[in-house]
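Student: Hey, dropping model.cif in here, mmCIF, C-alpha atoms and all ligand atoms:
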data_model
#
loop_
_atom_site.label_atom_id
_atom_site.label_comp_id
_atom_site.auth_asym_id
_atom_site.auth_seq_id
_atom_site.Cartn_x
_atom_site.Cartn_y
_atom_site.Cartn_z
CA MET A 106 0.00 0.00 0.00
CA ILE A 107 2.84 2.38 0.88
CA GLU A 108 6.36 1.88 -0.40
CA LEU A 109 9.46 3.99 0.21
CA GLN A 110 12.63 3.26 -1.68
CA ASP A 111 16.02 4.79 -0.82
CA VAL A 112 14.29 7.84 0.58
CA GLU A 113 16.28 10.81 1.77
CA LYS A 114 14.86 14.11 2.99
CA ILE A 115 17.07 17.13 3.46
CA TYR A 116 15.75 20.48 4.66
CA ARG A 117 17.86 23.31 3.29
CA THR A 118 17.84 26.88 4.47
CA ASP A 119 20.41 29.59 3.57
CA ARG A 120 22.86 28.49 6.18
CA ILE A 121 22.05 24.99 7.34
CA GLU A 122 21.23 21.62 5.93
CA THR A 123 19.30 19.17 8.05
CA VAL A 124 19.25 15.55 7.02
CA ALA A 125 15.82 14.58 8.35
CA LEU A 126 15.75 11.12 6.76
CA ALA A 127 18.45 9.02 5.15
CA ASN A 128 18.32 5.72 3.30
CA VAL A 129 14.79 4.74 4.31
CA ASN A 130 13.39 1.61 2.70
CA LEU A 131 10.07 0.21 3.77
CA GLU A 132 6.89 -1.36 2.59
CA ILE A 133 3.57 -1.29 4.37
CA GLU A 134 0.95 -3.77 3.21
CA ALA A 135 -2.75 -3.04 2.91
CA GLY A 136 -4.51 -3.69 6.21
CA GLU A 137 -1.43 -3.33 8.44
CA PHE A 138 -1.39 -1.28 11.64
CA VAL A 139 2.16 0.04 11.99
CA SER A 140 3.58 2.30 14.70
CA ILE A 141 6.58 4.60 14.35
CA MET A 142 8.75 5.37 17.37
CA GLY A 143 11.92 7.31 18.06
CA PRO A 144 13.20 10.34 19.97
CA SER A 145 12.04 13.86 19.24
CA GLY A 146 13.55 15.24 16.03
CA CYS A 147 14.44 11.84 14.56
CA GLY A 148 12.24 12.32 11.49
CA LYS A 149 8.92 10.69 12.41
CA SER A 150 6.68 13.52 11.21
CA THR A 151 8.81 13.96 8.11
CA LEU A 152 8.33 10.28 7.33
CA LEU A 153 4.58 10.49 7.85
CA ASN A 154 4.33 13.60 5.66
CA LEU A 155 6.16 11.80 2.85
CA MET A 156 3.84 8.79 3.18
CA GLY A 157 0.88 11.15 3.05
CA LEU A 158 2.15 12.95 -0.07
CA LEU A 159 2.23 16.23 1.85
CA ASP A 160 5.91 16.57 1.02
CA VAL A 161 8.31 15.05 -1.49
CA PRO A 162 11.61 13.28 -0.81
CA SER A 163 14.93 14.89 -1.78
CA GLU A 164 16.03 11.51 -3.14
CA GLY A 165 14.29 8.20 -3.69
CA TYR A 166 10.71 7.20 -4.35
CA VAL A 167 7.37 7.02 -2.62
CA ARG A 168 4.62 4.82 -4.01
CA LEU A 169 1.06 4.85 -2.80
CA ALA A 170 -1.22 1.99 -3.81
CA GLY A 171 1.19 1.12 -6.62
CA GLU A 172 1.15 4.65 -8.04
CA SER A 173 4.55 6.26 -8.61
CA VAL A 174 3.77 9.81 -7.65
CA GLU A 175 7.04 11.62 -8.39
CA SER A 176 5.79 13.06 -11.67
CA TYR A 177 2.35 14.02 -10.37
CA SER A 178 1.21 17.64 -10.43
CA ASP A 179 0.14 19.27 -7.16
CA ARG A 180 -3.45 19.03 -8.28
CA ARG A 181 -3.22 15.31 -8.96
CA LEU A 182 -1.46 14.75 -5.64
CA SER A 183 -4.21 16.64 -3.83
CA ARG A 184 -6.85 14.49 -5.44
CA LEU A 185 -5.02 11.28 -4.57
CA ARG A 186 -4.58 12.50 -1.00
CA ASN A 187 -8.20 13.46 -0.69
CA GLN A 188 -9.43 10.10 -1.96
CA ARG A 189 -7.00 7.72 -0.32
CA ILE A 190 -5.53 9.24 2.81
CA GLY A 191 -6.87 10.49 6.12
CA PHE A 192 -4.75 12.48 8.57
CA VAL A 193 -4.97 12.83 12.33
CA PHE A 194 -2.69 15.20 14.25
CA GLN A 195 -1.69 15.60 17.89
CA THR A 196 -3.41 18.98 18.16
CA PHE A 197 -6.62 17.93 16.37
CA HIS A 198 -6.61 20.82 13.83
CA LEU A 199 -10.36 21.34 14.01
CA ILE A 200 -11.86 24.61 12.78
CA ALA A 201 -13.10 26.47 15.85
CA ASP A 202 -16.01 28.33 14.31
CA LEU A 203 -17.48 25.33 12.51
CA SER A 204 -19.77 22.84 14.23
CA VAL A 205 -18.64 19.26 14.74
CA VAL A 206 -20.60 17.97 11.75
CA ALA A 207 -19.40 20.81 9.51
CA ASN A 208 -15.79 20.00 10.44
CA VAL A 209 -16.34 16.37 9.49
CA GLU A 210 -17.83 17.34 6.12
CA ILE A 211 -14.73 19.28 5.04
CA PRO A 212 -12.93 16.52 3.07
CA LEU A 213 -16.12 15.88 1.12
CA LEU A 214 -16.29 19.49 -0.06
CA TYR A 215 -13.52 18.65 -2.51
CA ARG A 216 -15.59 15.93 -4.12
CA ARG A 217 -18.64 16.31 -6.29
CA MET A 218 -21.29 15.42 -3.77
CA ARG A 219 -24.61 16.92 -2.84
CA GLY A 220 -25.05 18.64 0.50
CA ARG A 221 -27.51 16.09 1.76
CA GLU A 222 -25.20 13.17 1.04
CA ARG A 223 -22.28 15.02 2.61
CA ARG A 224 -24.29 15.53 5.75
CA GLN A 225 -25.41 11.89 5.87
CA ARG A 226 -21.87 10.62 5.51
CA ALA A 227 -20.58 13.00 8.16
CA LEU A 228 -23.29 11.89 10.58
CA ALA A 229 -22.44 8.24 9.88
CA ALA A 230 -18.75 8.89 10.57
CA LEU A 231 -19.65 10.65 13.83
CA GLU A 232 -21.80 7.70 14.82
CA GLN A 233 -18.84 5.43 14.19
CA VAL A 234 -16.75 7.38 16.70
CA GLY A 235 -19.58 7.55 19.23
CA LEU A 236 -20.35 11.26 18.92
CA SER A 237 -23.88 11.29 17.54
CA SER A 238 -25.05 13.33 20.50
CA ARG A 239 -22.53 16.14 19.86
CA VAL A 240 -22.92 16.92 16.17
CA HIS A 241 -24.06 20.54 16.61
CA HIS A 242 -21.54 21.39 19.32
CA PHE A 243 -18.44 23.43 18.59
CA PRO A 244 -14.95 22.03 19.16
CA SER A 245 -14.31 24.20 22.25
CA GLN A 246 -17.34 22.62 23.94
CA LEU A 247 -15.78 19.14 23.78
CA SER A 248 -13.13 17.33 25.81
CA GLY A 249 -9.76 16.62 24.21
CA GLY A 250 -10.68 12.99 23.66
CA GLN A 251 -13.94 13.99 22.00
CA GLN A 252 -12.14 16.53 19.79
CA GLN A 253 -9.73 13.85 18.65
CA ARG A 254 -12.68 11.59 17.86
CA VAL A 255 -14.13 14.38 15.69
CA ALA A 256 -10.76 14.60 13.94
CA ILE A 257 -10.85 10.83 13.36
CA ALA A 258 -14.38 11.09 11.96
CA ARG A 259 -13.15 13.81 9.60
CA ALA A 260 -10.20 11.62 8.59
CA ILE A 261 -12.39 8.61 7.78
CA VAL A 262 -15.46 10.30 6.30
CA GLY A 263 -14.08 9.87 2.78
CA GLU A 264 -13.35 6.18 3.42
CA PRO A 265 -9.59 6.41 2.88
CA ASP A 266 -7.43 3.33 2.37
CA VAL A 267 -4.77 4.77 4.65
CA LEU A 268 -4.97 6.64 7.94
CA LEU A 269 -1.84 8.50 9.05
CA ALA A 270 -1.82 9.59 12.68
CA ASP A 271 0.95 11.79 14.14
CA GLU A 272 0.98 11.28 17.92
CA PRO A 273 -2.84 11.15 18.04
CA THR A 274 -2.85 10.47 21.79
CA GLY A 275 0.00 12.87 22.62
CA ASN A 276 -2.29 15.52 24.10
CA LEU A 277 -4.66 13.13 25.86
CA ASP A 278 -4.65 11.54 29.29
CA SER A 279 -4.23 7.78 29.27
CA SER A 280 -7.92 6.86 29.47
CA MET A 281 -8.83 9.17 26.59
CA GLY A 282 -5.77 7.89 24.74
CA ASP A 283 -7.00 4.32 25.21
CA GLU A 284 -10.39 5.33 23.85
CA VAL A 285 -8.83 6.82 20.71
CA MET A 286 -6.61 3.78 20.33
CA ALA A 287 -9.60 1.44 20.57
CA MET A 288 -11.23 3.43 17.81
CA LEU A 289 -8.19 3.04 15.57
CA HIS A 290 -8.08 -0.70 16.20
CA ASP A 291 -11.76 -0.96 15.39
CA LEU A 292 -11.23 0.89 12.11
CA ASN A 293 -8.28 -1.34 11.24
CA ASN A 294 -10.20 -4.53 12.06
CA ARG A 295 -13.59 -3.72 10.61
CA ALA A 296 -12.84 -1.53 7.58
CA GLY A 297 -9.36 -2.95 6.95
CA THR A 298 -7.96 0.58 6.86
CA THR A 299 -4.15 0.64 6.76
CA ILE A 300 -2.93 2.70 9.72
CA VAL A 301 0.45 4.27 10.41
CA MET A 302 0.71 5.93 13.80
CA VAL A 303 3.55 7.88 15.39
CA THR A 304 3.64 7.45 19.15
CA HIS A 305 5.93 7.92 22.15
CA ASP A 306 4.02 5.32 24.13
CA GLU A 307 5.61 1.84 24.10
CA ARG A 308 2.42 0.41 25.51
CA LEU A 309 0.34 1.65 22.57
CA ALA A 310 3.03 0.68 20.05
CA GLY A 311 3.01 -2.82 21.54
CA ARG A 312 -0.58 -3.21 20.48
CA THR A 313 0.12 -2.50 16.81
CA GLY A 314 1.15 -5.13 14.27
CA ARG A 315 4.74 -3.91 14.12
CA THR A 316 6.89 -0.97 15.10
CA LEU A 317 9.31 0.97 12.90
CA ARG A 318 12.06 2.66 14.88
CA LEU A 319 13.96 5.74 13.78
CA PHE A 320 17.09 7.32 15.19
CA ASP A 321 18.64 10.43 13.65
CA GLY A 322 16.70 9.95 10.43
CA ARG A 323 17.67 6.32 10.00
CA GLN A 324 15.76 3.12 10.46
CA VAL A 325 17.11 1.07 13.32
CA ASN A 326 15.21 -2.14 12.63
N1 LIG B 401 10.35 22.49 7.59
C1 LIG B 401 11.55 22.21 8.13
N2 LIG B 401 12.63 22.98 7.87
C2 LIG B 401 13.84 22.68 8.39
N3 LIG B 401 14.07 21.64 9.21
C3 LIG B 401 13.03 20.84 9.51
C4 LIG B 401 11.71 21.09 9.00
N4 LIG B 401 10.86 20.12 9.48
C5 LIG B 401 11.62 19.32 10.24
N5 LIG B 401 12.91 19.75 10.28
C6 LIG B 401 14.04 19.08 10.99
O1 LIG B 401 14.09 17.74 10.57
C7 LIG B 401 14.33 16.88 11.67
C8 LIG B 401 13.18 15.87 11.80
O2 LIG B 401 12.00 16.56 12.19
P1 LIG B 401 10.62 15.82 12.46
O3 LIG B 401 10.32 14.92 11.33
O4 LIG B 401 9.60 16.85 12.78
O5 LIG B 401 10.96 14.94 13.76
P2 LIG B 401 10.01 14.20 14.80
O6 LIG B 401 8.61 14.21 14.26
O7 LIG B 401 10.59 12.83 14.93
O8 LIG B 401 10.11 14.95 16.10
C9 LIG B 401 14.52 17.77 12.87
O9 LIG B 401 15.88 17.99 13.05
C10 LIG B 401 13.81 19.03 12.50
O10 LIG B 401 14.36 20.13 13.15
MG MG B 402 6.85 14.98 15.05
#
Just give me the structure of the file as structure tokens.
Ligand SMILES: Nc1ncnc2c1ncn2[C@@H]1O[C@H](COP(=O)(O)OP(=O)(O)O)[C@@H](O)[C@H]1O
Ligand SMILES: [Mg+2]
Tutor:
Amino acid sequence: MIELQDVEKIYRTDRIETVALANVNLEIEAGEFVSIMGPSGCGKSTLLNLMGLLDVPSEGYVRLAGESVESYSDRRLSRLRNQRIGFVFQTFHLIADLSVVANVEIPLLYRRMRGRERRQRALAALEQVGLSSRVHHFPSQLSGGQQQRVAIARAIVGEPDVLLADEPTGNLDSSMGDEVMAMLHDLNNRAGTTIVMVTHDERLAGRTGRTLRLFDGRQVN
């Protein structure tokens, strides 16, 4: 489902060059639940952004669902991202002045779909994450765990093949983190969604199918 071959990522500014990733080779099969671990600054978010086609490698190749994307235009990349990938971030990234259901509808705005169908799909996604009773609330009226569940509903509303989660439980206490984790497992088991999750929590990583470890931009396993 996701393949990286000889990937290197270098961030260049006027004065400094940071090698964020070097010589990364990996393949993630459809239906896997993979965790990524490693110390702060080792390249985890960079790796996830490359997998999610949000950024391009300096060297090497990224393939998503067999598609070699290096020659794709920004527009084509956006479409592929919108149709195949869902993102969840540590800080939720919800839009404060939109209701819960309006936040969840956002990815569908980029598809040709009527308002009524958009709304139905958003409500179904919210039901899946157990938030049917909060659809007209605003993000600030929800707990952190509930906000992350809204973000998950938004990530899955378009039925992506791949869910990429960057420290999704990093801002949550352990019981809310467990709740979010249970939701991800459910999604992986029932819908077969491929999940890649960055985490600092060995306990949560231990519950995924396998763990990729990074140190200083290099794979250590
Ligand atoms: N946009 C950027 N410009 C310059 N350097 C960056 C940028 N993004 C990340 N880096 C650097 O690349 C390295 C890896 O960063 P990151 O992938 O965010 O690590 P992690 O998510 O593991 O904490 C770090 O040294 C970081 O400072
Ligand atoms: Mg990071």
Student: Which residues are near ligand MG 402 (chain B) - at most 10 Å, using only C-alpha atoms and all ligand atoms? Format: as an MDAnalysis selection string.
Tutor: chainID A and resid 143:154 194:195 271:272 303:304
Student: Deliver the residues from the most recent selection as a file, using C-alpha atoms, as a compact mmCIF listing (two decimals), in the frame of the given file.
Tutor:
# COMPACT_ATOMS: atom_id res chain seq x y z
CA GLY A 143 11.92 7.31 18.06
CA PRO A 144 13.20 10.34 19.97
CA SER A 145 12.04 13.86 19.24
CA GLY A 146 13.55 15.24 16.03
CA CYS A 147 14.44 11.84 14.56
CA GLY A 148 12.24 12.32 11.49
CA LYS A 149 8.92 10.69 12.41
CA SER A 150 6.68 13.52 11.21
CA THR A 151 8.81 13.96 8.11
CA LEU A 152 8.33 10.28 7.33
CA LEU A 153 4.58 10.49 7.85
CA ASN A 154 4.33 13.60 5.66
CA PHE A 194 -2.69 15.20 14.25
CA GLN A 195 -1.69 15.60 17.89
CA ASP A 271 0.95 11.79 14.14
CA GLU A 272 0.98 11.28 17.92
CA VAL A 303 3.55 7.88 15.39
CA THR A 304 3.64 7.45 19.15
Student: Give the answer as one residue: which of A:Ser238, A:Thr298, A:Gln324, A:Ser245 has the shortest atom-to-atom distance to ligand LIG 401 (chain B), using all atoms listed in the file?
Tutor: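 Looking at the shortest contact to ligand LIG 401 (chain B), the residue is A:Gln324.
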Student: Have a look at CA of Met142 (chain A) and atom P2 of ligand LIG 401 (chain B) and let me know their distance in Å, one decimal.
Tutor: 9.3 Å
Student: Using only C-alpha atoms and all ligand atoms, which residue out of A:Gln251, A:Tyr215, A:Met302, A:Ala207 lies closest to ligand LIG 401 (chain B)?
Tutor: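 Closest to ligand LIG 401 (chain B) of all the choices is A:Met302.
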Student: Give the answer as one residue: which of A:Met286, A:Ile133, A:Ala270, A:Val167 has the shortest atom-to-atom distance to ligand LIG 401 (chain B), using only C-alpha atoms and all ligand atoms?
Tutor: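 Of A:Met286, A:Ile133, A:Ala270, A:Val167, the one nearest ligand LIG 401 (chain B), counting only C-alpha atoms and all ligand atoms, is A:Ala270.
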Student: Using only C-alpha atoms, which of A:Arg186, A:His290, A:His241, A:Arg180 sits nearest Arg312 (chain A)?
Tutor: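 Of A:Arg186, A:His290, A:His241, A:Arg180, the one nearest Arg312 (chain A), counting only C-alpha atoms, is A:His290.
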Student: Kindly indicate which residue among A:Asp202, A:Glu164, A:Asp266, A:Glu210 lies nearest to Ile115 (chain A), using only C-alpha atoms for the distances.
Tutor: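 The answer is A:Glu164, which sits nearest to Ile115 (chain A).
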Student: Can you measure atom N4 of ligand LIG 401 (chain B) to CA of Ala125 (chain A) for me? One decimal in Å is fine.
Tutor: 7.5 Å
Student: Report, in Å with one decimal, the straight-line distance from CA of Pro244 (chain A) to CA of Asn294 (chain A).
Tutor: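 According to the coordinates, CA of Pro244 (chain A) and CA of Asn294 (chain A) are separated by 27.9 Å.
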Student: Determine the nearest neighbour of ligand LIG 401 (chain B) from the options A:Leu319, A:Leu268, A:Leu109, A:Leu214, counting all atoms listed in the file.
Tutor: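 The shortest atom-to-atom distance to ligand LIG 401 (chain B) comes from A:Leu319.
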Student: Report as a ChimeraX atom specification all protein, DNA and RNA residues lying within 12 Å of region 261-263 of chain A, evaluated on all atoms listed in the file, omitting residues in the same chain fewer than 2 positions from it.
Tutor: /A:184-193,206-216,218,222-234,254-259,265-270,288-289,292-293,296-300
Student: List the neighbours of Gly165 (chain A) out to 6 Å using all atoms listed in the file; skip same-chain residues closer than 5 positions along the sequence, and give me the result as a count of residues only.
Tutor: 3
Student: In the coordinates of the file, take the point (0.2, -2.7, 16.4) and a cut-off of 9 Å; then, counting all atoms listed in the file, name each qualifying protein, DNA or RNA residue as a PDB file with C-alpha atoms, in the frame of the given file.
Tutor:
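Output file result-v3.pdb follows:
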ATOM      1  CA  GLU A 137      -1.430  -3.330   8.440  1.00  0.00           C
ATOM      2  CA  PHE A 138      -1.390  -1.280  11.640  1.00  0.00           C
ATOM      3  CA  VAL A 139       2.160   0.040  11.990  1.00  0.00           C
ATOM      4  CA  SER A 140       3.580   2.300  14.700  1.00  0.00           C
ATOM      5  CA  HIS A 290      -8.080  -0.700  16.200  1.00  0.00           C
ATOM      6  CA  LEU A 309       0.340   1.650  22.570  1.00  0.00           C
ATOM      7  CA  ALA A 310       3.030   0.680  20.050  1.00  0.00           C
ATOM      8  CA  GLY A 311       3.010  -2.820  21.540  1.00  0.00           C
ATOM      9  CA  ARG A 312      -0.580  -3.210  20.480  1.00  0.00           C
ATOM     10  CA  THR A 313       0.120  -2.500  16.810  1.00  0.00           C
ATOM     11  CA  GLY A 314       1.150  -5.130  14.270  1.00  0.00           C
ATOM     12  CA  ARG A 315       4.740  -3.910  14.120  1.00  0.00           C
ATOM     13  CA  THR A 316       6.890  -0.970  15.100  1.00  0.00           C
TER      14      THR A 316
END
Student: Would you list the contacts of Met281 (chain A) as a list in words, taking every protein, DNA or RNA residue within 9 Å and counting all atoms listed in the file, but skipping same-chain residues closer than 4 positions in sequence?
Tutor: Gly249, Gly250, Gln251, Thr274, Leu277, Val285 and Met286 of chain A
Student: Provide region 177-199 of chain A rebuilt to N, CA, C and O atoms, formatted as a PDB file, in the coordinates of the input.
Tutor:
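Below is the file rebuild17.pdb, written as the result:
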ATOM      1  N   TYR A 177       3.698  13.475 -10.482  1.00  0.00           N
ATOM      2  CA  TYR A 177       2.350  14.020 -10.370  1.00  0.00           C
ATOM      3  C   TYR A 177       2.360  15.527 -10.118  1.00  0.00           C
ATOM      4  O   TYR A 177       3.185  16.040  -9.367  1.00  0.00           O
ATOM      5  N   SER A 178       1.397  16.218 -10.712  1.00  0.00           N
ATOM      6  CA  SER A 178       1.210  17.640 -10.430  1.00  0.00           C
ATOM      7  C   SER A 178       0.617  17.792  -9.025  1.00  0.00           C
ATOM      8  O   SER A 178       0.079  16.845  -8.463  1.00  0.00           O
ATOM      9  N   ASP A 179       0.700  19.007  -8.487  1.00  0.00           N
ATOM     10  CA  ASP A 179       0.140  19.270  -7.160  1.00  0.00           C
ATOM     11  C   ASP A 179      -1.348  18.926  -7.117  1.00  0.00           C
ATOM     12  O   ASP A 179      -1.855  18.383  -6.142  1.00  0.00           O
ATOM     13  N   ARG A 180      -2.021  19.259  -8.218  1.00  0.00           N
ATOM     14  CA  ARG A 180      -3.450  19.030  -8.280  1.00  0.00           C
ATOM     15  C   ARG A 180      -3.784  17.537  -8.214  1.00  0.00           C
ATOM     16  O   ARG A 180      -4.698  17.119  -7.499  1.00  0.00           O
ATOM     17  N   ARG A 181      -2.987  16.749  -8.952  1.00  0.00           N
ATOM     18  CA  ARG A 181      -3.220  15.310  -8.960  1.00  0.00           C
ATOM     19  C   ARG A 181      -2.875  14.692  -7.607  1.00  0.00           C
ATOM     20  O   ARG A 181      -3.552  13.781  -7.128  1.00  0.00           O
ATOM     21  N   LEU A 182      -1.823  15.221  -6.980  1.00  0.00           N
ATOM     22  CA  LEU A 182      -1.460  14.750  -5.640  1.00  0.00           C
ATOM     23  C   LEU A 182      -2.569  15.052  -4.651  1.00  0.00           C
ATOM     24  O   LEU A 182      -2.918  14.229  -3.809  1.00  0.00           O
ATOM     25  N   SER A 183      -3.133  16.262  -4.749  1.00  0.00           N
ATOM     26  CA  SER A 183      -4.210  16.640  -3.830  1.00  0.00           C
ATOM     27  C   SER A 183      -5.399  15.705  -3.972  1.00  0.00           C
ATOM     28  O   SER A 183      -6.016  15.312  -2.989  1.00  0.00           O
ATOM     29  N   ARG A 184      -5.706  15.375  -5.219  1.00  0.00           N
ATOM     30  CA  ARG A 184      -6.850  14.490  -5.440  1.00  0.00           C
ATOM     31  C   ARG A 184      -6.586  13.103  -4.861  1.00  0.00           C
ATOM     32  O   ARG A 184      -7.434  12.530  -4.179  1.00  0.00           O
ATOM     33  N   LEU A 185      -5.387  12.592  -5.099  1.00  0.00           N
ATOM     34  CA  LEU A 185      -5.020  11.280  -4.570  1.00  0.00           C
ATOM     35  C   LEU A 185      -5.083  11.280  -3.035  1.00  0.00           C
ATOM     36  O   LEU A 185      -5.608  10.356  -2.410  1.00  0.00           O
ATOM     37  N   ARG A 186      -4.539  12.354  -2.451  1.00  0.00           N
ATOM     38  CA  ARG A 186      -4.580  12.500  -1.000  1.00  0.00           C
ATOM     39  C   ARG A 186      -6.009  12.518  -0.487  1.00  0.00           C
ATOM     40  O   ARG A 186      -6.361  11.828   0.456  1.00  0.00           O
ATOM     41  N   ASN A 187      -6.810  13.314  -1.135  1.00  0.00           N
ATOM     42  CA  ASN A 187      -8.200  13.460  -0.690  1.00  0.00           C
ATOM     43  C   ASN A 187      -8.957  12.131  -0.761  1.00  0.00           C
ATOM     44  O   ASN A 187      -9.793  11.831   0.084  1.00  0.00           O
ATOM     45  N   GLN A 188      -8.659  11.335  -1.780  1.00  0.00           N
ATOM     46  CA  GLN A 188      -9.430  10.100  -1.960  1.00  0.00           C
ATOM     47  C   GLN A 188      -8.885   8.924  -1.167  1.00  0.00           C
ATOM     48  O   GLN A 188      -9.628   8.024  -0.812  1.00  0.00           O
ATOM     49  N   ARG A 189      -7.599   8.932  -0.880  1.00  0.00           N
ATOM     50  CA  ARG A 189      -7.000   7.720  -0.320  1.00  0.00           C
ATOM     51  C   ARG A 189      -6.457   7.842   1.096  1.00  0.00           C
ATOM     52  O   ARG A 189      -6.207   6.834   1.738  1.00  0.00           O
ATOM     53  N   ILE A 190      -6.251   9.084   1.550  1.00  0.00           N
ATOM     54  CA  ILE A 190      -5.530   9.240   2.810  1.00  0.00           C
ATOM     55  C   ILE A 190      -6.316  10.093   3.797  1.00  0.00           C
ATOM     56  O   ILE A 190      -6.884  11.122   3.434  1.00  0.00           O
ATOM     57  N   GLY A 191      -6.335   9.659   5.044  1.00  0.00           N
ATOM     58  CA  GLY A 191      -6.870  10.490   6.120  1.00  0.00           C
ATOM     59  C   GLY A 191      -5.750  10.823   7.087  1.00  0.00           C
ATOM     60  O   GLY A 191      -4.864   9.998   7.318  1.00  0.00           O
ATOM     61  N   PHE A 192      -5.781  12.048   7.629  1.00  0.00           N
ATOM     62  CA  PHE A 192      -4.750  12.480   8.570  1.00  0.00           C
ATOM     63  C   PHE A 192      -5.347  12.799   9.928  1.00  0.00           C
ATOM     64  O   PHE A 192      -6.409  13.412  10.003  1.00  0.00           O
ATOM     65  N   VAL A 193      -4.608  12.424  10.979  1.00  0.00           N
ATOM     66  CA  VAL A 193      -4.970  12.830  12.330  1.00  0.00           C
ATOM     67  C   VAL A 193      -3.713  13.386  12.986  1.00  0.00           C
ATOM     68  O   VAL A 193      -2.636  12.799  12.862  1.00  0.00           O
ATOM     69  N   PHE A 194      -3.857  14.546  13.660  1.00  0.00           N
ATOM     70  CA  PHE A 194      -2.690  15.200  14.250  1.00  0.00           C
ATOM     71  C   PHE A 194      -2.830  15.287  15.778  1.00  0.00           C
ATOM     72  O   PHE A 194      -3.935  15.231  16.316  1.00  0.00           O
ATOM     73  N   GLN A 195      -1.699  15.502  16.425  1.00  0.00           N
ATOM     74  CA  GLN A 195      -1.690  15.600  17.890  1.00  0.00           C
ATOM     75  C   GLN A 195      -2.619  16.700  18.399  1.00  0.00           C
ATOM     76  O   GLN A 195      -3.296  16.541  19.400  1.00  0.00           O
ATOM     77  N   THR A 196      -2.628  17.826  17.683  1.00  0.00           N
ATOM     78  CA  THR A 196      -3.410  18.980  18.160  1.00  0.00           C
ATOM     79  C   THR A 196      -4.755  19.122  17.444  1.00  0.00           C
ATOM     80  O   THR A 196      -5.302  20.218  17.352  1.00  0.00           O
ATOM     81  N   PHE A 197      -5.263  18.059  16.928  1.00  0.00           N
ATOM     82  CA  PHE A 197      -6.620  17.930  16.370  1.00  0.00           C
ATOM     83  C   PHE A 197      -6.861  18.709  15.074  1.00  0.00           C
ATOM     84  O   PHE A 197      -7.485  18.205  14.159  1.00  0.00           O
ATOM     85  N   HIS A 198      -6.408  19.981  15.027  1.00  0.00           N
ATOM     86  CA  HIS A 198      -6.610  20.820  13.830  1.00  0.00           C
ATOM     87  C   HIS A 198      -8.076  20.914  13.400  1.00  0.00           C
ATOM     88  O   HIS A 198      -8.384  20.822  12.220  1.00  0.00           O
ATOM     89  N   LEU A 199      -8.951  21.097  14.368  1.00  0.00           N
ATOM     90  CA  LEU A 199     -10.360  21.340  14.010  1.00  0.00           C
ATOM     91  C   LEU A 199     -10.545  22.836  13.789  1.00  0.00           C
ATOM     92  O   LEU A 199      -9.791  23.657  14.308  1.00  0.00           O
TER      93      LEU A 199
END
